[in-house]
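> Data file model17.pdb (PDB, C-alpha atoms, pLDDT in the B column) is appended below.
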```pdb
ATOM      1  CA  MET A  29      -1.760  12.724  14.196  1.00 63.00           C
ATOM      2  CA  ALA A  30      -0.194   9.366  15.059  1.00 75.00           C
ATOM      3  CA  ILE A  31       2.702   9.426  12.576  1.00 84.00           C
ATOM      4  CA  SER A  32       4.680   6.995  14.749  1.00 84.00           C
ATOM      5  CA  GLU A  33       2.073   4.291  14.140  1.00 88.00           C
ATOM      6  CA  ILE A  34       3.034   4.010  10.470  1.00 92.00           C
ATOM      7  CA  ALA A  35       6.777   4.470  10.911  1.00 91.00           C
ATOM      8  CA  VAL A  36       9.045   2.320   8.728  1.00 95.00           C
ATOM      9  CA  PRO A  37      12.860   2.327   9.072  1.00 95.00           C
ATOM     10  CA  GLY A  38      14.329   4.247   6.163  1.00 95.00           C
ATOM     11  CA  ILE A  39      11.204   6.291   5.393  1.00 97.00           C
ATOM     12  CA  ALA A  40      10.956   9.794   6.853  1.00 97.00           C
ATOM     13  CA  ILE A  41       7.408  11.056   7.430  1.00 97.00           C
ATOM     14  CA  GLY A  42       6.171  14.456   8.574  1.00 96.00           C
ATOM     15  CA  HIS A  43       2.988  16.478   8.866  1.00 96.00           C
ATOM     16  CA  ARG A  44       1.851  20.077   9.334  1.00 96.00           C
ATOM     17  CA  ALA A  45      -1.423  21.860  10.003  1.00 96.00           C
ATOM     18  CA  ILE A  46      -2.219  23.948   6.935  1.00 97.00           C
ATOM     19  CA  SER A  47      -2.105  27.615   7.905  1.00 96.00           C
ATOM     20  CA  PRO A  48      -2.675  30.993   6.224  1.00 95.00           C
ATOM     21  CA  GLY A  49       0.524  32.013   4.458  1.00 95.00           C
ATOM     22  CA  ASP A  50       1.595  28.480   3.554  1.00 95.00           C
ATOM     23  CA  GLU A  51       0.932  29.367  -0.088  1.00 94.00           C
ATOM     24  CA  TYR A  52       4.073  31.507   0.106  1.00 93.00           C
ATOM     25  CA  GLU A  53       6.135  28.388   0.825  1.00 95.00           C
ATOM     26  CA  LEU A  54       5.864  27.497  -2.861  1.00 94.00           C
ATOM     27  CA  PHE A  55       9.001  28.138  -4.890  1.00 94.00           C
ATOM     28  CA  PRO A  56       8.489  29.893  -8.254  1.00 93.00           C
ATOM     29  CA  GLU A  57       9.055  26.661 -10.197  1.00 92.00           C
ATOM     30  CA  GLU A  58       6.444  24.891  -8.038  1.00 90.00           C
ATOM     31  CA  ALA A  59       3.614  27.387  -8.396  1.00 79.00           C
ATOM     32  CA  VAL A  60       0.460  26.651 -10.376  1.00 75.00           C
ATOM     33  CA  THR A  61      -1.025  29.989 -11.377  1.00 69.00           C
ATOM     34  CA  SER A  62      -4.430  28.515 -12.198  1.00 67.00           C
ATOM     35  CA  ALA A  63      -4.850  26.880  -8.787  1.00 70.00           C
ATOM     36  CA  SER A  64      -7.055  28.451  -6.129  1.00 88.00           C
ATOM     37  CA  ALA A  65      -5.504  30.110  -3.084  1.00 88.00           C
ATOM     38  CA  LYS A  66      -6.751  27.201  -0.987  1.00 91.00           C
ATOM     39  CA  SER A  67      -5.040  24.701  -3.284  1.00 91.00           C
ATOM     40  CA  ARG A  68      -1.794  26.695  -3.345  1.00 92.00           C
ATOM     41  CA  ARG A  69      -1.841  26.886   0.456  1.00 94.00           C
ATOM     42  CA  ALA A  70      -2.197  23.100   0.798  1.00 95.00           C
ATOM     43  CA  SER A  71       0.498  22.496  -1.817  1.00 95.00           C
ATOM     44  CA  GLY A  72       2.878  24.913  -0.117  1.00 96.00           C
ATOM     45  CA  SER A  73       2.255  23.288   3.251  1.00 97.00           C
ATOM     46  CA  ALA A  74       2.979  19.807   1.896  1.00 97.00           C
ATOM     47  CA  ARG A  75       6.164  20.999   0.224  1.00 97.00           C
ATOM     48  CA  PHE A  76       7.266  22.750   3.400  1.00 97.00           C
ATOM     49  CA  VAL A  77       7.017  19.397   5.206  1.00 97.00           C
ATOM     50  CA  ALA A  78       8.820  17.611   2.384  1.00 97.00           C
ATOM     51  CA  ARG A  79      11.667  20.144   2.357  1.00 97.00           C
ATOM     52  CA  GLN A  80      12.228  19.602   6.062  1.00 96.00           C
ATOM     53  CA  LEU A  81      12.468  15.857   5.442  1.00 97.00           C
ATOM     54  CA  LEU A  82      14.756  16.325   2.440  1.00 97.00           C
ATOM     55  CA  ALA A  83      17.071  18.556   4.476  1.00 96.00           C
ATOM     56  CA  GLY A  84      17.668  15.559   6.727  1.00 92.00           C
ATOM     57  CA  ALA A  85      18.789  13.622   3.636  1.00 90.00           C
ATOM     58  CA  GLY A  86      21.219  16.347   2.567  1.00 92.00           C
ATOM     59  CA  PHE A  87      18.953  18.267   0.165  1.00 94.00           C
ATOM     60  CA  ARG A  88      18.433  21.753   1.554  1.00 92.00           C
ATOM     61  CA  ASN A  89      15.976  24.273   0.133  1.00 91.00           C
ATOM     62  CA  CYS A  90      15.151  21.817  -2.613  1.00 93.00           C
ATOM     63  CA  ALA A  91      12.391  22.645  -5.088  1.00 95.00           C
ATOM     64  CA  ILE A  92       9.765  19.977  -5.734  1.00 96.00           C
ATOM     65  CA  PRO A  93       8.230  20.888  -9.093  1.00 95.00           C
ATOM     66  CA  ARG A  94       5.495  18.980 -10.887  1.00 91.00           C
ATOM     67  CA  THR A  95       5.400  16.832 -13.987  1.00 88.00           C
ATOM     68  CA  THR A  96       2.749  17.534 -16.619  1.00 84.00           C
ATOM     69  CA  SER A  97       0.540  14.996 -14.803  1.00 81.00           C
ATOM     70  CA  GLY A  98       0.917  16.894 -11.534  1.00 83.00           C
ATOM     71  CA  ALA A  99       3.147  14.323  -9.824  1.00 89.00           C
ATOM     72  CA  PRO A 100       5.989  15.768  -7.699  1.00 94.00           C
ATOM     73  CA  VAL A 101       9.552  15.591  -9.034  1.00 95.00           C
ATOM     74  CA  TRP A 102      12.027  14.458  -6.377  1.00 96.00           C
ATOM     75  CA  PRO A 103      15.797  14.954  -6.163  1.00 95.00           C
ATOM     76  CA  PRO A 104      18.076  12.249  -7.577  1.00 92.00           C
ATOM     77  CA  ARG A 105      18.116   8.981  -5.603  1.00 92.00           C
ATOM     78  CA  ILE A 106      15.032   9.993  -3.604  1.00 95.00           C
ATOM     79  CA  VAL A 107      11.468   8.736  -3.802  1.00 96.00           C
ATOM     80  CA  GLY A 108       8.680  10.591  -2.078  1.00 97.00           C
ATOM     81  CA  SER A 109       5.009  11.381  -1.802  1.00 97.00           C
ATOM     82  CA  LEU A 110       2.755  14.268  -0.765  1.00 97.00           C
ATOM     83  CA  ALA A 111      -0.863  14.442   0.373  1.00 97.00           C
ATOM     84  CA  HIS A 112      -3.233  16.776   2.169  1.00 97.00           C
ATOM     85  CA  THR A 113      -6.776  17.254   3.373  1.00 96.00           C
ATOM     86  CA  THR A 114      -8.358  20.667   3.894  1.00 94.00           C
ATOM     87  CA  ASP A 115      -6.536  21.123   7.200  1.00 95.00           C
ATOM     88  CA  VAL A 116      -3.390  18.987   7.287  1.00 97.00           C
ATOM     89  CA  ALA A 117      -0.521  18.177   4.926  1.00 97.00           C
ATOM     90  CA  VAL A 118       1.751  15.127   5.023  1.00 97.00           C
ATOM     91  CA  ALA A 119       4.872  14.034   3.184  1.00 98.00           C
ATOM     92  CA  ALA A 120       7.149  10.996   3.064  1.00 98.00           C
ATOM     93  CA  VAL A 121      10.608  10.579   1.524  1.00 97.00           C
ATOM     94  CA  ALA A 122      13.061   7.685   1.289  1.00 96.00           C
ATOM     95  CA  PRO A 123      16.334   6.801  -0.438  1.00 91.00           C
ATOM     96  CA  HIS A 124      15.787   5.391  -3.931  1.00 89.00           C
ATOM     97  CA  PRO A 125      18.374   2.587  -3.564  1.00 90.00           C
ATOM     98  CA  ASP A 126      16.289   1.066  -0.745  1.00 94.00           C
ATOM     99  CA  PHE A 127      12.753   1.747  -1.998  1.00 95.00           C
ATOM    100  CA  ALA A 128      11.421   1.529  -5.529  1.00 94.00           C
ATOM    101  CA  GLY A 129       8.417   3.645  -4.638  1.00 95.00           C
ATOM    102  CA  ILE A 130       6.445   5.049  -1.716  1.00 97.00           C
ATOM    103  CA  GLY A 131       3.023   6.622  -1.440  1.00 97.00           C
ATOM    104  CA  ILE A 132       1.243   8.436   1.357  1.00 98.00           C
ATOM    105  CA  ASP A 133      -2.346   9.582   1.733  1.00 98.00           C
ATOM    106  CA  VAL A 134      -4.372  11.294   4.437  1.00 97.00           C
ATOM    107  CA  GLU A 135      -8.136  11.466   4.698  1.00 96.00           C
ATOM    108  CA  PRO A 136     -10.575  13.008   7.196  1.00 95.00           C
ATOM    109  CA  ALA A 137     -11.904  10.703   9.901  1.00 92.00           C
ATOM    110  CA  GLU A 138     -15.281  10.375   8.250  1.00 92.00           C
ATOM    111  CA  ALA A 139     -17.318   7.482   6.937  1.00 90.00           C
ATOM    112  CA  LEU A 140     -17.219   6.876   3.189  1.00 90.00           C
ATOM    113  CA  PRO A 141     -20.600   7.155   1.444  1.00 89.00           C
ATOM    114  CA  PRO A 142     -21.904   3.628   0.725  1.00 85.00           C
ATOM    115  CA  GLU A 143     -22.204   4.274  -2.998  1.00 86.00           C
ATOM    116  CA  LEU A 144     -18.480   5.079  -3.171  1.00 89.00           C
ATOM    117  CA  LEU A 145     -17.581   1.938  -1.272  1.00 87.00           C
ATOM    118  CA  ASN A 146     -19.167  -0.125  -4.029  1.00 86.00           C
ATOM    119  CA  LEU A 147     -16.923   1.626  -6.543  1.00 90.00           C
ATOM    120  CA  ILE A 148     -13.588   1.274  -4.760  1.00 93.00           C
ATOM    121  CA  ALA A 149     -13.877  -2.052  -2.897  1.00 92.00           C
ATOM    122  CA  THR A 150     -13.536  -5.504  -4.413  1.00 91.00           C
ATOM    123  CA  PRO A 151     -16.047  -8.137  -3.223  1.00 88.00           C
ATOM    124  CA  ALA A 152     -13.435  -9.611  -0.872  1.00 87.00           C
ATOM    125  CA  GLU A 153     -12.699  -6.192   0.633  1.00 89.00           C
ATOM    126  CA  GLN A 154     -16.377  -5.357   1.115  1.00 86.00           C
ATOM    127  CA  SER A 155     -16.861  -8.497   3.178  1.00 81.00           C
ATOM    128  CA  VAL A 156     -14.403  -7.306   5.860  1.00 81.00           C
ATOM    129  CA  LEU A 157     -15.092  -3.565   5.917  1.00 78.00           C
ATOM    130  CA  THR A 158     -18.367  -3.512   7.814  1.00 68.00           C
ATOM    131  CA  ALA A 159     -16.690  -3.853  11.224  1.00 66.00           C
ATOM    132  CA  HIS A 160     -15.446  -0.249  11.369  1.00 76.00           C
ATOM    133  CA  VAL A 161     -17.275   2.962  10.549  1.00 84.00           C
ATOM    134  CA  TYR A 162     -14.148   4.376   8.900  1.00 90.00           C
ATOM    135  CA  GLY A 163     -13.232   1.161   7.071  1.00 90.00           C
ATOM    136  CA  GLY A 164     -14.285   2.363   3.645  1.00 92.00           C
ATOM    137  CA  ARG A 165     -12.488   5.689   3.985  1.00 94.00           C
ATOM    138  CA  LEU A 166      -9.332   3.915   5.181  1.00 95.00           C
ATOM    139  CA  LEU A 167      -9.510   1.583   2.186  1.00 95.00           C
ATOM    140  CA  PHE A 168      -9.727   4.630  -0.075  1.00 95.00           C
ATOM    141  CA  ALA A 169      -6.654   6.178   1.589  1.00 96.00           C
ATOM    142  CA  VAL A 170      -4.695   2.921   1.305  1.00 96.00           C
ATOM    143  CA  LYS A 171      -5.488   2.547  -2.384  1.00 96.00           C
ATOM    144  CA  GLU A 172      -4.528   6.150  -3.072  1.00 95.00           C
ATOM    145  CA  ALA A 173      -1.192   5.515  -1.347  1.00 97.00           C
ATOM    146  CA  VAL A 174      -0.700   2.318  -3.369  1.00 96.00           C
ATOM    147  CA  TYR A 175      -1.328   4.155  -6.641  1.00 95.00           C
ATOM    148  CA  LYS A 176       1.394   6.653  -5.779  1.00 95.00           C
ATOM    149  CA  ALA A 177       3.841   3.933  -4.744  1.00 95.00           C
ATOM    150  CA  VAL A 178       3.510   2.059  -8.037  1.00 94.00           C
ATOM    151  CA  ALA A 179       3.017   5.008 -10.381  1.00 88.00           C
ATOM    152  CA  GLY A 180       6.416   4.336 -11.908  1.00 78.00           C
ATOM    153  CA  TYR A 181       5.210   0.923 -13.031  1.00 78.00           C
ATOM    154  CA  TYR A 182       1.620   1.571 -14.053  1.00 74.00           C
ATOM    155  CA  GLY A 183       1.286   5.316 -14.524  1.00 69.00           C
ATOM    156  CA  ALA A 184      -2.310   6.505 -14.276  1.00 65.00           C
ATOM    157  CA  ALA A 185      -3.797   3.342 -15.748  1.00 75.00           C
ATOM    158  CA  LEU A 186      -4.884   1.751 -12.467  1.00 84.00           C
ATOM    159  CA  ASP A 187      -8.476   1.337 -11.364  1.00 86.00           C
ATOM    160  CA  HIS A 188      -9.653   0.781  -7.787  1.00 86.00           C
ATOM    161  CA  GLN A 189     -10.498  -2.802  -8.679  1.00 89.00           C
ATOM    162  CA  ASP A 190      -6.883  -3.402  -9.790  1.00 92.00           C
ATOM    163  CA  VAL A 191      -5.735  -3.258  -6.161  1.00 94.00           C
ATOM    164  CA  GLU A 192      -6.697  -5.861  -3.549  1.00 95.00           C
ATOM    165  CA  VAL A 193      -5.948  -4.850   0.053  1.00 96.00           C
ATOM    166  CA  ASP A 194      -5.375  -7.266   2.927  1.00 95.00           C
ATOM    167  CA  PHE A 195      -5.492  -5.211   6.120  1.00 93.00           C
ATOM    168  CA  LEU A 196      -4.475  -8.126   8.350  1.00 92.00           C
ATOM    169  CA  LYS A 197      -1.323  -8.881   6.365  1.00 95.00           C
ATOM    170  CA  ARG A 198      -0.678  -5.164   5.754  1.00 96.00           C
ATOM    171  CA  LYS A 199      -0.198  -5.822   2.062  1.00 97.00           C
ATOM    172  CA  ALA A 200      -1.856  -4.985  -1.227  1.00 96.00           C
ATOM    173  CA  VAL A 201      -1.592  -6.834  -4.512  1.00 96.00           C
ATOM    174  CA  VAL A 202      -1.739  -4.837  -7.744  1.00 94.00           C
ATOM    175  CA  ARG A 203      -3.229  -6.627 -10.744  1.00 89.00           C
ATOM    176  CA  ASN A 204      -2.465  -9.959  -9.062  1.00 81.00           C
ATOM    177  CA  VAL A 205       1.244  -9.360  -9.685  1.00 84.00           C
ATOM    178  CA  LYS A 206       3.015  -6.697  -7.640  1.00 89.00           C
ATOM    179  CA  THR A 207       2.909  -6.793  -3.841  1.00 95.00           C
ATOM    180  CA  VAL A 208       3.004  -3.514  -1.923  1.00 97.00           C
ATOM    181  CA  GLU A 209       3.588  -3.255   1.835  1.00 98.00           C
ATOM    182  CA  LEU A 210       1.247  -1.107   3.902  1.00 98.00           C
ATOM    183  CA  ARG A 211       1.079   0.798   7.148  1.00 97.00           C
ATOM    184  CA  PHE A 212      -2.026   2.664   8.273  1.00 96.00           C
ATOM    185  CA  CYS A 213      -3.676   4.165  11.321  1.00 93.00           C
ATOM    186  CA  ILE A 214      -6.884   5.829  12.470  1.00 90.00           C
ATOM    187  CA  SER A 215      -6.347   8.880  14.654  1.00 88.00           C
ATOM    188  CA  THR A 216      -7.494  12.474  14.217  1.00 89.00           C
ATOM    189  CA  HIS A 217      -7.203  11.613  10.499  1.00 93.00           C
ATOM    190  CA  LEU A 218      -6.854   8.411   8.512  1.00 95.00           C
ATOM    191  CA  LEU A 219      -3.277   7.938   7.382  1.00 96.00           C
ATOM    192  CA  ALA A 220      -1.917   5.360   4.944  1.00 97.00           C
ATOM    193  CA  LEU A 221       1.611   4.576   3.752  1.00 98.00           C
ATOM    194  CA  ALA A 222       2.437   2.188   0.902  1.00 97.00           C
ATOM    195  CA  PHE A 223       5.927   1.181  -0.160  1.00 97.00           C
ATOM    196  CA  VAL A 224       7.845  -1.169  -2.433  1.00 96.00           C
ATOM    197  CA  ARG A 225      11.247  -2.267  -1.221  1.00 94.00           C
ATOM    198  CA  ARG A 226      14.080  -2.889  -3.645  1.00 89.00           C
ATOM    199  CA  ALA A 227      15.530  -6.371  -3.645  1.00 76.00           C
ATOM    200  CA  PRO A 228      18.975  -6.411  -1.977  1.00 68.00           C
ATOM    201  CA  LEU A 229      21.931  -6.679  -4.312  1.00 52.00           C
ATOM    202  CA  ILE A 230      23.645 -10.075  -4.287  1.00 52.00           C
ATOM    203  CA  ALA A 231      27.415  -9.766  -3.968  1.00 49.00           C
TER     204      ALA A 231
END
```
Give the structure from this file in structure tokens form.

Amino acid sequence: MAISEIAVPGIAIGHRAISPGDEYELFPEEAVTSASAKSRRASGSARFVARQLLAGAGFRNCAIPRTTSGAPVWPPRIVGSLAHTTDVAVAAVAPHPDFAGIGIDVEPAEALPPELLNLIATPAEQSVLTAHVYGGRLLFAVKEAVYKAVAGYYGAALDHQDVEVDFLKRKAVVRNVKTVELRFCISTHLLALAFVRRAPLIA
């Protein structure tokens, strides 16, 4: 997976192939007893990656529990994001003083069914997505990453049509107000990173 293609200074990103036994990487406070073994394995794999990244920021063996909505809870002064497919898990973390929010998503390198494209893409987006077989799936990944990056502002109230993606400018606009920066790549999987920088403090 071409993690380096979406690298952004200040954001640490990692990935891991999901393997049997990764479900045991879950800490007791992270476990979801109702989840399937497959789901627990993917969750444990993603948290294993995240813990490695957090160790680099000074947080060792740090639990990443869930809110009632299922969103991960990060250590103080850290923002982060988790995602996985059936075979790979990814995570991204960054210091809260520099970034207001980040989101990451990973999708299989597969075409998106046409009927789903009509649901997630705005008319402007549909007009530029026909050039690449994976364009629709990449758009889906980007919007998922954007939702995670701005969850602190909008919660779960966003619809696919609330986000307009400009792949050339590597930006997305949420509800015609908030601008989110993007990085994305197509490799063995489709990978998308969205982030909102904090404005620098004026002395």
> Calculated over only C-alpha atoms, which of the candidates A:Glu58, A:Glu153, A:Asp126, A:Asp50 has the smallest distance to Ala99 (chain A)?
A:Glu58
> Work out how far apart CA of Val178 (chain A) and CA of Ala137 (chain A) are and give it in Å to one decimal.
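Computed distance, CA of Val178 (chain A) to CA of Ala137 (chain A), equals 25.2 Å.
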> In Å, how far is it from CA of Phe87 (chain A) to CA of Glu135 (chain A)?
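Interatomic distance here is 28.3 Å.
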> Quick one: distance from CA of Glu57 (chain A) to CA of Ala91 (chain A) in Å, one decimal?
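That distance, rounded to one decimal, is 7.3 Å.
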> On this structure, which residues satisfy the PyMOL selection byres ((chain A and resi 173) around 10), written as a compact mmCIF listing (two decimals) with C-alpha atoms, in the coordinates of the input?

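Listing of out01.txt after writing:
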```txt
# COMPACT_ATOMS: atom_id res chain seq x y z
CA SER A 109 5.01 11.38 -1.80
CA LEU A 110 2.76 14.27 -0.76
CA ALA A 111 -0.86 14.44 0.37
CA ILE A 130 6.44 5.05 -1.72
CA GLY A 131 3.02 6.62 -1.44
CA ILE A 132 1.24 8.44 1.36
CA ASP A 133 -2.35 9.58 1.73
CA VAL A 134 -4.37 11.29 4.44
CA LEU A 167 -9.51 1.58 2.19
CA PHE A 168 -9.73 4.63 -0.08
CA ALA A 169 -6.65 6.18 1.59
CA VAL A 170 -4.70 2.92 1.30
CA LYS A 171 -5.49 2.55 -2.38
CA GLU A 172 -4.53 6.15 -3.07
CA VAL A 174 -0.70 2.32 -3.37
CA TYR A 175 -1.33 4.16 -6.64
CA LYS A 176 1.39 6.65 -5.78
CA ALA A 177 3.84 3.93 -4.74
CA VAL A 178 3.51 2.06 -8.04
CA ALA A 179 3.02 5.01 -10.38
CA VAL A 208 3.00 -3.51 -1.92
CA LEU A 210 1.25 -1.11 3.90
CA ARG A 211 1.08 0.80 7.15
CA LEU A 219 -3.28 7.94 7.38
CA ALA A 220 -1.92 5.36 4.94
CA LEU A 221 1.61 4.58 3.75
CA ALA A 222 2.44 2.19 0.90
CA PHE A 223 5.93 1.18 -0.16
```
> So which residues get picked by the PyMOL selection byres ((chain A and resi 127) around 8) here, written as a VMD selection string?
chain A and resid 107 122 to 126 128 to 130 223 to 226
> Mind telling me what the PyMOL selection byres ((chain A and resi 64-80) around 6) catches here, as number ranges by chain?
A: 46, 50-51, 53-54, 63, 81-83, 117-119
> Using C-alpha atoms, can you export the residues from the last selection as an mmCIF file, in the frame of the given file?

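Wrote result_8.cif, looks like this:
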```cif
data_model
loop_
_atom_site.group_PDB
_atom_site.id
_atom_site.type_symbol
_atom_site.label_atom_id
_atom_site.label_comp_id
_atom_site.auth_asym_id
_atom_site.auth_seq_id
_atom_site.Cartn_x
_atom_site.Cartn_y
_atom_site.Cartn_z
ATOM 1 C CA ILE A 46 -2.219 23.948 6.935
ATOM 2 C CA ASP A 50 1.595 28.480 3.554
ATOM 3 C CA GLU A 51 0.932 29.367 -0.088
ATOM 4 C CA GLU A 53 6.135 28.388 0.825
ATOM 5 C CA LEU A 54 5.864 27.497 -2.861
ATOM 6 C CA ALA A 63 -4.850 26.880 -8.787
ATOM 7 C CA LEU A 81 12.468 15.857 5.442
ATOM 8 C CA LEU A 82 14.756 16.325 2.440
ATOM 9 C CA ALA A 83 17.071 18.556 4.476
ATOM 10 C CA ALA A 117 -0.521 18.177 4.926
ATOM 11 C CA VAL A 118 1.751 15.127 5.023
ATOM 12 C CA ALA A 119 4.872 14.034 3.184
#
```
> Which one is closest to Val101 (chain A): A:Leu166, A:Val121, A:Leu147, A:Leu157? Count all atoms listed in the file.
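Looking at the shortest contact to Val101 (chain A), the residue is A:Val121.
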> So which one's closest to Ile92 (chain A), A:Val116, A:Ala59, A:Ala152, A:Val36? Using all atoms listed in the file, please.
A:Ala59
> Find the spatial neighbours of Leu140 (chain A), counting all atoms listed in the file, within a cut-off of 10 Å - ignore same-chain residues fewer than 2 positions away - and output them as a list in words.
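The residues satisfying every condition are Pro136, Ala137, Glu138, Pro142, Glu143, Leu144, Leu145, Val161, Tyr162, Gly163, Gly164, Arg165, Leu166, Leu167 and Phe168 of chain A.
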> What does the file look like for those residues with C-alpha atoms, as an mmCIF file, keeping the file's coordinate frame?

```
data_model
loop_
_atom_site.group_PDB
_atom_site.id
_atom_site.type_symbol
_atom_site.label_atom_id
_atom_site.label_comp_id
_atom_site.auth_asym_id
_atom_site.auth_seq_id
_atom_site.Cartn_x
_atom_site.Cartn_y
_atom_site.Cartn_z
ATOM 1 C CA PRO A 136 -10.575 13.008 7.196
ATOM 2 C CA ALA A 137 -11.904 10.703 9.901
ATOM 3 C CA GLU A 138 -15.281 10.375 8.250
ATOM 4 C CA PRO A 142 -21.904 3.628 0.725
ATOM 5 C CA GLU A 143 -22.204 4.274 -2.998
ATOM 6 C CA LEU A 144 -18.480 5.079 -3.171
ATOM 7 C CA LEU A 145 -17.581 1.938 -1.272
ATOM 8 C CA VAL A 161 -17.275 2.962 10.549
ATOM 9 C CA TYR A 162 -14.148 4.376 8.900
ATOM 10 C CA GLY A 163 -13.232 1.161 7.071
ATOM 11 C CA GLY A 164 -14.285 2.363 3.645
ATOM 12 C CA ARG A 165 -12.488 5.689 3.985
ATOM 13 C CA LEU A 166 -9.332 3.915 5.181
ATOM 14 C CA LEU A 167 -9.510 1.583 2.186
ATOM 15 C CA PHE A 168 -9.727 4.630 -0.075
#
```
> Taking 6 positions as the minimum chain separation for residues in the same chain, which residues sit within 6 Å of region 185-197 of chain A when counting all atoms listed in the file? Answer as a PyMOL selection string.
chain A and resi 148+150+203
> Go ahead and save the residues from that selection, with C-alpha atoms, as a PDB file, in the frame of the given file.

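Contents of result.pdb, as written:
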```
ATOM      1  CA  ILE A 148     -13.588   1.274  -4.760  1.00 93.00           C
ATOM      2  CA  THR A 150     -13.536  -5.504  -4.413  1.00 91.00           C
ATOM      3  CA  ARG A 203      -3.229  -6.627 -10.744  1.00 89.00           C
TER       4      ARG A 203
END
```
> Rank nothing, just name the residue among A:Asn146, A:Ser97, A:Ser32, A:Ser155 nearest to Phe212 (chain A), using all atoms listed in the file.
A:Ser32
